[in-house]
>>> print(open('data00.csv').read())   # CSV, C-alpha atoms
chain,number,residue,atom,x,y,z
P,189,MET,CA,0.0,0.0,0.0
P,190,LYS,CA,1.4,3.4,-1.0
P,191,LEU,CA,1.1,6.5,1.1
P,192,HIS,CA,-0.6,9.5,-0.3
P,193,PRO,CA,2.1,12.2,-1.0
P,194,SER,CA,0.7,14.5,1.7
P,195,ALA,CA,0.7,11.7,4.3
P,196,HIS,CA,4.2,10.8,3.3
P,197,GLY,CA,5.2,14.4,3.7
P,198,TRP,CA,4.0,14.5,7.3
P,199,ARG,CA,5.7,11.3,8.3
P,200,ALA,CA,8.6,13.1,9.9
P,201,GLU,CA,6.2,15.2,12.0
P,202,PHE,CA,4.3,12.1,13.1
P,203,SER,CA,7.6,10.4,14.0
P,204,LEU,CA,8.6,13.4,16.1
P,205,VAL,CA,5.4,13.4,18.0
P,206,THR,CA,5.8,9.6,18.7
P,207,VAL,CA,9.4,10.0,19.9
P,208,CYS,CA,8.4,13.0,22.1
P,209,ALA,CA,5.6,11.0,23.7
P,210,LEU,CA,7.9,8.0,24.4
P,211,LEU,CA,10.5,10.4,25.9
P,212,GLY,CA,7.8,11.9,28.1
P,213,LEU,CA,7.0,8.4,29.4
P,214,VAL,CA,10.6,7.6,30.0
P,215,TYR,CA,11.0,10.8,32.0
P,216,VAL,CA,7.9,10.0,34.0
P,217,TYR,CA,9.2,6.6,34.9
P,218,GLY,CA,12.7,8.1,35.6
P,219,GLN,CA,11.5,10.3,38.4
P,220,SER,CA,11.2,7.1,40.5
P,221,ASN,CA,14.7,5.9,39.3
P,222,LEU,CA,17.0,8.9,39.4
P,223,ASN,CA,20.2,6.9,38.6
P,224,PHE,CA,18.6,5.6,35.4
P,225,ILE,CA,17.2,8.9,34.2
P,226,GLY,CA,20.4,10.8,35.0
P,227,PHE,CA,22.4,8.4,32.9
P,228,PHE,CA,19.8,8.2,30.2
P,229,SER,CA,19.5,12.0,29.9
P,230,ASN,CA,23.3,12.7,29.9
P,231,ALA,CA,23.8,9.9,27.3
P,232,LEU,CA,20.9,10.9,25.0
P,233,THR,CA,21.2,14.6,24.7
P,234,PRO,CA,24.5,14.7,22.7
P,235,PHE,CA,23.0,12.4,20.1
P,236,GLU,CA,19.9,14.7,19.8
P,237,ALA,CA,22.2,17.8,19.5
P,238,PHE,CA,24.2,16.0,16.8
P,239,ALA,CA,21.1,15.2,14.9
P,240,ALA,CA,20.1,18.9,14.9
P,241,PHE,CA,23.7,19.9,13.9
P,242,ALA,CA,23.8,17.4,11.1
P,243,MET,CA,20.4,18.5,9.7
P,244,ALA,CA,21.6,22.2,9.9
P,245,VAL,CA,24.7,21.3,7.9
P,246,LEU,CA,22.6,19.5,5.3
P,247,ALA,CA,20.3,22.6,5.1
P,248,TRP,CA,23.3,24.8,4.7
P,249,ARG,CA,24.8,22.7,1.9
P,250,LEU,CA,21.5,22.6,0.1
P,251,ASN,CA,21.3,26.4,0.1
P,252,SER,CA,25.0,27.0,-0.5
P,253,GLY,CA,26.5,28.5,-3.6
P,254,LYS,CA,24.9,30.8,-6.1
P,255,GLN,CA,21.5,29.1,-5.8
P,256,GLY,CA,21.4,29.8,-2.1
P,257,GLY,CA,21.7,33.6,-2.3
P,258,GLY,CA,21.5,35.4,1.0
P,259,ILE,CA,20.0,32.3,2.7
P,260,THR,CA,23.4,30.5,2.6
P,261,ARG,CA,24.8,32.7,5.4
P,262,VAL,CA,21.7,32.1,7.4
P,263,TYR,CA,22.0,28.3,7.5
P,264,LEU,CA,25.8,28.6,7.9
P,265,SER,CA,25.3,30.7,11.0
P,266,TYR,CA,22.7,28.3,12.3
P,267,SER,CA,25.1,25.4,11.7
P,268,LEU,CA,27.9,27.2,13.7
P,269,GLY,CA,25.5,27.9,16.6
P,270,ILE,CA,24.1,24.4,16.8
P,271,GLY,CA,27.5,22.9,16.4
P,272,LEU,CA,28.8,24.9,19.4
P,273,TRP,CA,25.8,23.7,21.5
P,274,PHE,CA,26.5,20.1,20.3
P,275,ALA,CA,30.1,20.6,21.6
P,276,ALA,CA,28.7,21.9,24.9
P,277,GLU,CA,26.5,18.9,25.3
P,278,CYS,CA,29.4,16.5,24.6
P,279,THR,CA,31.5,18.3,27.1
P,280,TRP,CA,28.8,18.2,29.8
P,281,SER,CA,28.3,14.4,29.2
P,282,LEU,CA,32.0,13.8,29.3
P,283,TYR,CA,32.2,15.3,32.8
P,284,ALA,CA,29.1,13.4,34.0
P,285,LEU,CA,29.6,10.0,32.3
P,286,ALA,CA,33.2,9.5,31.4
P,287,LEU,CA,35.1,11.4,34.1
P,288,ARG,CA,32.3,10.9,36.7
P,289,VAL,CA,33.1,14.2,38.4
P,290,SER,CA,31.0,17.1,39.6
P,291,ILE,CA,30.6,19.5,36.6
P,292,PRO,CA,32.6,22.6,37.4
P,293,PHE,CA,31.1,26.1,37.0
P,294,PRO,CA,32.0,27.7,34.8
P,295,SER,CA,33.3,25.0,32.6
P,296,LEU,CA,34.4,24.5,28.9
P,297,ALA,CA,30.8,23.6,28.2
P,298,ASP,CA,29.7,27.1,29.3
P,299,VAL,CA,32.1,28.6,26.8
P,300,PHE,CA,30.6,26.6,23.9
P,301,TRP,CA,27.1,27.4,25.0
P,302,LEU,CA,27.6,31.1,25.4
P,303,VAL,CA,29.6,31.5,22.2
P,304,GLY,CA,26.9,29.5,20.4
P,305,TYR,CA,24.3,32.3,21.1
P,306,ILE,CA,26.2,34.7,18.8
P,307,PRO,CA,25.8,32.9,15.4
P,308,LEU,CA,22.2,31.9,16.3
P,309,PHE,CA,21.3,35.5,17.0
P,310,ILE,CA,23.0,36.6,13.7
P,311,ALA,CA,21.1,33.9,11.8
P,312,LEU,CA,17.7,35.1,13.1
P,313,LEU,CA,18.5,38.7,12.2
P,314,TRP,CA,19.7,37.7,8.7
P,315,GLN,CA,16.6,35.5,8.2
P,316,ALA,CA,14.2,38.2,9.2
P,317,TRP,CA,16.0,41.2,7.6
P,318,PRO,CA,14.6,40.8,4.0
P,319,PHE,CA,11.1,40.9,5.4
P,320,ARG,CA,11.7,43.9,7.7
P,321,GLN,CA,9.1,46.0,5.8
P,322,LEU,CA,6.4,43.7,7.3
P,323,LEU,CA,7.3,44.7,10.9
P,324,GLY,CA,5.7,48.1,10.7
P,325,SER,CA,2.1,47.4,11.4
P,326,ARG,CA,0.5,48.3,14.7
P,327,LYS,CA,-0.2,44.7,15.6
P,328,GLN,CA,3.4,43.7,15.0
P,329,LEU,CA,4.8,46.6,17.0
P,330,VAL,CA,2.6,45.6,19.9
P,331,ILE,CA,3.9,42.1,19.7
P,332,THR,CA,7.5,43.4,19.7
P,333,LEU,CA,6.9,45.8,22.5
P,334,GLY,CA,5.2,43.1,24.6
P,335,MET,CA,8.2,40.8,24.1
P,336,PHE,CA,10.6,43.6,25.2
P,337,LEU,CA,8.5,44.1,28.4
P,338,LEU,CA,8.5,40.3,29.0
P,339,ALA,CA,12.3,40.3,28.5
P,340,LEU,CA,12.7,43.1,31.0
P,341,LEU,CA,10.5,41.2,33.5
P,342,LEU,CA,12.6,38.1,33.0
P,343,LEU,CA,15.8,40.0,33.7
P,344,ILE,CA,14.4,41.6,36.8
P,345,ILE,CA,13.4,38.1,38.1
P,346,THR,CA,16.6,36.3,37.2
P,347,ILE,CA,19.6,38.6,37.6
P,348,PRO,CA,19.2,40.1,41.1
P,349,PRO,CA,19.3,36.7,42.8
P,350,ILE,CA,22.5,35.8,40.9
P,351,LEU,CA,24.2,39.0,42.1
P,352,LEU,CA,23.3,38.1,45.7
P,353,GLN,CA,25.1,34.8,45.5
P,354,ASN,CA,28.6,34.5,46.9
P,355,GLN,CA,30.4,33.7,43.7
P,356,GLY,CA,33.7,34.9,42.1
P,357,LEU,CA,33.7,37.5,39.3
P,358,VAL,CA,34.0,34.9,36.5
P,359,ALA,CA,31.2,32.8,37.9
P,360,VAL,CA,28.9,35.8,38.3
P,361,SER,CA,29.7,37.1,34.8
P,362,VAL,CA,28.8,33.7,33.3
P,363,SER,CA,25.7,33.4,35.4
P,364,VAL,CA,24.5,36.8,34.3
P,365,ALA,CA,25.4,36.2,30.7
P,366,TYR,CA,22.9,33.3,30.3
P,367,PRO,CA,19.7,35.2,31.2
P,368,LEU,CA,20.9,38.2,29.2
P,369,LEU,CA,21.6,36.2,26.1
P,370,ASP,CA,18.4,34.1,26.6
P,371,THR,CA,16.2,37.2,26.7
P,372,LEU,CA,18.1,38.9,23.9
P,373,LEU,CA,17.5,35.9,21.6
P,374,LEU,CA,13.9,35.6,22.8
P,375,THR,CA,13.1,39.2,21.9
P,376,VAL,CA,14.1,38.4,18.3
P,377,ALA,CA,12.8,34.8,18.0
P,378,VAL,CA,9.3,35.2,19.5
P,379,PRO,CA,8.2,38.2,17.4
P,380,VAL,CA,9.6,36.5,14.2
P,381,PHE,CA,7.7,33.3,15.2
P,382,LEU,CA,4.4,35.2,15.7
P,383,ILE,CA,4.7,37.5,12.7
P,384,PHE,CA,6.1,35.4,9.9
P,385,ARG,CA,3.8,32.4,9.7
P,386,LYS,CA,2.9,32.0,6.0
P,387,GLY,CA,4.6,30.6,3.0
P,388,SER,CA,6.8,27.5,2.2
P,389,TYR,CA,9.9,29.5,3.1
P,390,TRP,CA,8.8,30.2,6.7
P,391,ARG,CA,7.2,26.8,7.6
P,392,PRO,CA,10.5,25.0,8.3
P,393,ALA,CA,12.1,28.1,9.7
P,394,LEU,CA,9.3,28.4,12.3
P,395,ILE,CA,10.0,24.9,13.5
P,396,VAL,CA,13.7,25.9,13.9
P,397,ILE,CA,12.7,29.0,15.8
P,398,LEU,CA,10.3,27.0,18.0
P,399,GLY,CA,13.3,24.7,18.8
P,400,ILE,CA,15.4,27.7,19.8
P,401,VAL,CA,12.6,29.2,21.9
P,402,LEU,CA,12.3,25.8,23.8
P,403,GLN,CA,16.1,25.8,24.3
P,404,LEU,CA,15.9,29.3,25.9
P,405,VAL,CA,12.9,28.4,28.0
P,406,GLY,CA,14.7,25.3,29.2
P,407,ASP,CA,17.8,27.3,30.0
P,408,LEU,CA,15.9,29.9,32.0
P,409,ALA,CA,14.2,27.1,34.0
P,410,PHE,CA,17.6,25.3,34.4
P,411,ASN,CA,19.1,28.5,35.9
P,412,GLN,CA,16.2,29.0,38.3
P,413,SER,CA,16.4,25.4,39.5
P,414,ILE,CA,20.2,25.6,40.0
P,415,MET,CA,19.8,28.7,42.1
P,416,ALA,CA,16.9,27.0,44.1
P,417,GLY,CA,19.0,23.9,44.5
P,418,THR,CA,16.4,21.6,43.0
P,419,TYR,CA,18.1,20.6,39.8
P,420,TYR,CA,19.2,17.0,39.2
P,421,SER,CA,20.3,15.2,36.0
P,422,GLY,CA,17.2,13.8,34.3
P,423,SER,CA,14.8,16.4,35.8
P,424,PRO,CA,11.8,17.6,33.7
P,425,THR,CA,14.0,20.6,32.6
P,426,ASP,CA,16.2,18.2,30.7
P,427,LEU,CA,13.2,17.0,28.8
P,428,VAL,CA,12.7,20.5,27.5
P,429,PHE,CA,16.2,20.5,26.0
P,430,ASP,CA,15.6,17.1,24.4
P,431,LEU,CA,12.4,18.4,22.8
P,432,SER,CA,14.3,21.5,21.6
P,433,TYR,CA,17.0,19.5,19.8
P,434,LEU,CA,14.4,17.2,18.2
P,435,MET,CA,12.4,20.2,17.0
P,436,LEU,CA,15.6,21.8,15.6
P,437,ALA,CA,16.5,18.6,13.8
P,438,LEU,CA,13.0,18.4,12.3
P,439,GLY,CA,13.1,22.1,11.2
P,440,PHE,CA,16.4,21.8,9.4
P,441,TYR,CA,15.3,18.4,8.0
P,442,ARG,CA,12.3,20.2,6.5
P,443,VAL,CA,14.6,22.8,4.9
P,444,TRP,CA,16.6,20.0,3.4
P,445,LYS,CA,13.6,17.9,2.5
P,446,PRO,CA,10.3,19.9,2.3
P,447,THR,CA,6.9,18.3,2.6
P,448,SER,CA,5.4,17.1,-0.7
>>> encode(input="data00.csv", output="structure tokens")
Amino acid sequence: MKLHPSAHGWRAEFSLVTVCALLGLVYVYGQSNLNFIGFFSNALTPFEAFAAFAMAVLAWRLNSGKQGGGITRVYLSYSLGIGLWFAAECTWSLYALALRVSIPFPSLADVFWLVGYIPLFIALLWQAWPFRQLLGSRKQLVITLGMFLLALLLLIITIPPILLQNQGLVAVSVSVAYPLLDTLLLTVAVPVFLIFRKGSYWRPALIVILGIVLQLVGDLAFNQSIMAGTYYSGSPTDLVFDLSYLMLALGFYRVWKPTS
């Protein structure tokens, strides 16, 4: 029996939903077996990050050269950013699984994560720039203003507790850099996600942006749980990162292989 083209085209999305549902069940079980879920989470995340990185590279190669035009640099920048986050996940898992030591803070993983924000931010700007004339309506300005206010609220909530902690200058700087970069990226990603929702060009890009937003939400939740002393490997926060990388992989896959 042959699948109808439209059904075949949505097979990747159905697969993602199935995998996400299974991951959710594993994490629910894992809350009663923390040794298992800690190992599972630390072992799985680098593979998910690699999948997102590999799909980003394929999307870049598809759009490279003269036929890619300005979009070439967009997916090259995405590839660099996701590649750095993949390196960060590998470093984190190396500490946790191979070296079996407490993960230092800050660590080399933090360097990869923080530097990775830069090409991702540039990619979002480059992707939205050709459509900047669409950002002038009253509705779109309200969305952007609302996002800036939300970003300000996030900074007010997250940064003062960090400054009150008894940490060295380097640790404080890294701790503050995360919410600053998270909110900076969110102020670009969320308006783009809400405004540009039509056309074959934007459909896979929106999946990518949703993956980035999930990553930032997970990071903010991770930082709050670290400060509250409630974080552990395999916590529900880690599931958010898993879903983020899977969403990124699907988005870049759809750039490389659009739906029929």
>>> residues_around(input="data00.csv", residues="segment 230-245 of chain P", least_positions_apart="2", cutoff="7 Å", atoms="all atoms listed in the file", output="ChimeraX atom specification")
/P:226-228,247-249,263,266-267,270-271,274,277-278,281,430,433-434,436-437,440-441
>>> closest_residue(input="data00.csv", among="P:Ala316, P:Val330, P:Val396, P:Leu287", to="Ile259 of chain P", atoms="all atoms listed in the file")
P:Ala316
>>> atom_distance(input="data00.csv", atom1="atom CA of Val428 of chain P", atom2="atom CA of Leu404 of chain P")
9.5 Å
>>> residues_around(input="data00.csv", residues="Leu296 of chain P", least_positions_apart="3", cutoff="12 Å", atoms="all atoms listed in the file", output="list of chain:residue names")
P:Leu272, P:Trp273, P:Ala275, P:Ala276, P:Glu277, P:Cys278, P:Thr279, P:Trp280, P:Ser281, P:Leu282, P:Tyr283, P:Ile291, P:Pro292, P:Phe293, P:Val299, P:Phe300, P:Trp301, P:Leu302, P:Val303, P:Val362
>>> residues_around(input="data00.csv", residues="segment 212-219 of chain P", least_positions_apart="5", cutoff="12 Å", atoms="only C-alpha atoms", output="JSON, numbers by chain")
{"P": [205, 206, 207, 224, 225, 226, 227, 228, 229, 232, 420, 421, 422, 423, 424, 425, 426, 427, 428, 430, 431]}
>>> closest_residue(input="data00.csv", among="P:Val376, P:Leu398, P:Ile347, P:Leu222", to="Gln412 of chain P", atoms="all atoms listed in the file")
P:Ile347
>>> atom_distance(input="data00.csv", atom1="atom CA of Pro379 of chain P", atom2="atom CA of Leu343 of chain P")
18.1 Å
>>> closest_residue(input="data00.csv", among="P:Asn223, P:Gln403, P:Ser265, P:Ser432", to="Ala311 of chain P", atoms="all atoms listed in the file")
P:Ser265
>>> atom_distance(input="data00.csv", atom1="atom CA of Pro307 of chain P", atom2="atom CA of Leu264 of chain P")
8.6 Å
>>> closest_residue(input="data00.csv", among="P:Ile414, P:Leu268, P:Val401, P:Leu210", to="Leu308 of chain P", atoms="all atoms listed in the file")
P:Leu268
>>> closest_residue(input="data00.csv", among="P:Thr346, P:Gln315, P:Ser220, P:Gln355", to="Leu394 of chain P", atoms="all atoms listed in the file")
P:Gln315
>>> residues_near_point(input="data00.csv", point="(18.0, 32.1, 43.8)", cutoff="7 Å", atoms="only C-alpha atoms", output="list in words")
Pro349, Ile350, Gln412, Met415 and Ala416 of chain P
>>> build_atoms(input="data00.csv", residues="segment 394-425 of chain P", atoms="N, CA and C atoms", output="CSV table (one decimal), keeping the file's coordinate frame")
chain,number,residue,atom,x,y,z
P,394,LEU,N,10.0,28.3,11.0
P,394,LEU,CA,9.3,28.4,12.3
P,394,LEU,C,9.5,27.2,13.2
P,395,ILE,N,9.7,26.0,12.6
P,395,ILE,CA,10.0,24.9,13.5
P,395,ILE,C,11.4,25.1,14.1
P,396,VAL,N,12.3,25.6,13.4
P,396,VAL,CA,13.7,25.9,13.9
P,396,VAL,C,13.6,26.9,15.0
P,397,ILE,N,12.8,28.0,14.8
P,397,ILE,CA,12.7,29.0,15.8
P,397,ILE,C,12.0,28.5,17.0
P,398,LEU,N,11.0,27.6,16.9
P,398,LEU,CA,10.3,27.0,18.0
P,398,LEU,C,11.3,26.2,18.8
P,399,GLY,N,12.2,25.5,18.1
P,399,GLY,CA,13.3,24.7,18.8
P,399,GLY,C,14.2,25.6,19.6
P,400,ILE,N,14.5,26.8,19.0
P,400,ILE,CA,15.4,27.7,19.8
P,400,ILE,C,14.7,28.3,21.0
P,401,VAL,N,13.4,28.6,20.8
P,401,VAL,CA,12.6,29.2,21.9
P,401,VAL,C,12.5,28.1,23.1
P,402,LEU,N,12.3,26.9,22.7
P,402,LEU,CA,12.3,25.8,23.8
P,402,LEU,C,13.6,25.7,24.5
P,403,GLN,N,14.7,25.9,23.7
P,403,GLN,CA,16.1,25.8,24.3
P,403,GLN,C,16.2,27.0,25.3
P,404,LEU,N,15.7,28.1,25.0
P,404,LEU,CA,15.9,29.3,25.9
P,404,LEU,C,15.0,29.2,27.1
P,405,VAL,N,13.8,28.7,26.9
P,405,VAL,CA,12.9,28.4,28.0
P,405,VAL,C,13.5,27.4,29.0
P,406,GLY,N,14.0,26.3,28.4
P,406,GLY,CA,14.7,25.3,29.2
P,406,GLY,C,15.9,25.9,30.0
P,407,ASP,N,16.6,26.7,29.3
P,407,ASP,CA,17.8,27.3,30.0
P,407,ASP,C,17.4,28.2,31.1
P,408,LEU,N,16.4,29.0,31.0
P,408,LEU,CA,15.9,29.9,32.0
P,408,LEU,C,15.4,29.0,33.2
P,409,ALA,N,14.7,28.0,32.9
P,409,ALA,CA,14.2,27.1,34.0
P,409,ALA,C,15.4,26.4,34.7
P,410,PHE,N,16.4,26.0,33.9
P,410,PHE,CA,17.6,25.3,34.4
P,410,PHE,C,18.3,26.3,35.4
P,411,ASN,N,18.5,27.5,35.0
P,411,ASN,CA,19.1,28.5,35.9
P,411,ASN,C,18.4,28.7,37.2
P,412,GLN,N,17.0,28.8,37.1
P,412,GLN,CA,16.2,29.0,38.3
P,412,GLN,C,16.3,27.8,39.2
P,413,SER,N,16.3,26.6,38.6
P,413,SER,CA,16.4,25.4,39.5
P,413,SER,C,17.8,25.2,40.1
P,414,ILE,N,18.8,25.6,39.4
P,414,ILE,CA,20.2,25.6,40.0
P,414,ILE,C,20.2,26.5,41.2
P,415,MET,N,19.7,27.7,41.0
P,415,MET,CA,19.8,28.7,42.1
P,415,MET,C,18.9,28.2,43.3
P,416,ALA,N,17.8,27.5,43.0
P,416,ALA,CA,16.9,27.0,44.1
P,416,ALA,C,17.5,25.7,44.7
P,417,GLY,N,18.5,25.1,44.1
P,417,GLY,CA,19.0,23.9,44.5
P,417,GLY,C,18.2,22.7,44.3
P,418,THR,N,17.3,22.7,43.3
P,418,THR,CA,16.4,21.6,43.0
P,418,THR,C,16.7,20.9,41.7
P,419,TYR,N,17.8,21.3,41.0
P,419,TYR,CA,18.1,20.6,39.8
P,419,TYR,C,18.8,19.3,40.0
P,420,TYR,N,18.5,18.3,39.2
P,420,TYR,CA,19.2,17.0,39.2
P,420,TYR,C,19.2,16.5,37.7
P,421,SER,N,20.2,15.7,37.3
P,421,SER,CA,20.3,15.2,36.0
P,421,SER,C,19.0,14.3,35.7
P,422,GLY,N,18.4,14.6,34.6
P,422,GLY,CA,17.2,13.8,34.3
P,422,GLY,C,15.9,14.4,34.8
P,423,SER,N,16.0,15.7,35.3
P,423,SER,CA,14.8,16.4,35.8
P,423,SER,C,13.9,16.8,34.6
P,424,PRO,N,12.7,17.2,34.8
P,424,PRO,CA,11.8,17.6,33.7
P,424,PRO,C,12.4,18.7,32.8
P,425,THR,N,13.3,19.5,33.4
P,425,THR,CA,14.0,20.6,32.6
P,425,THR,C,14.8,20.0,31.5
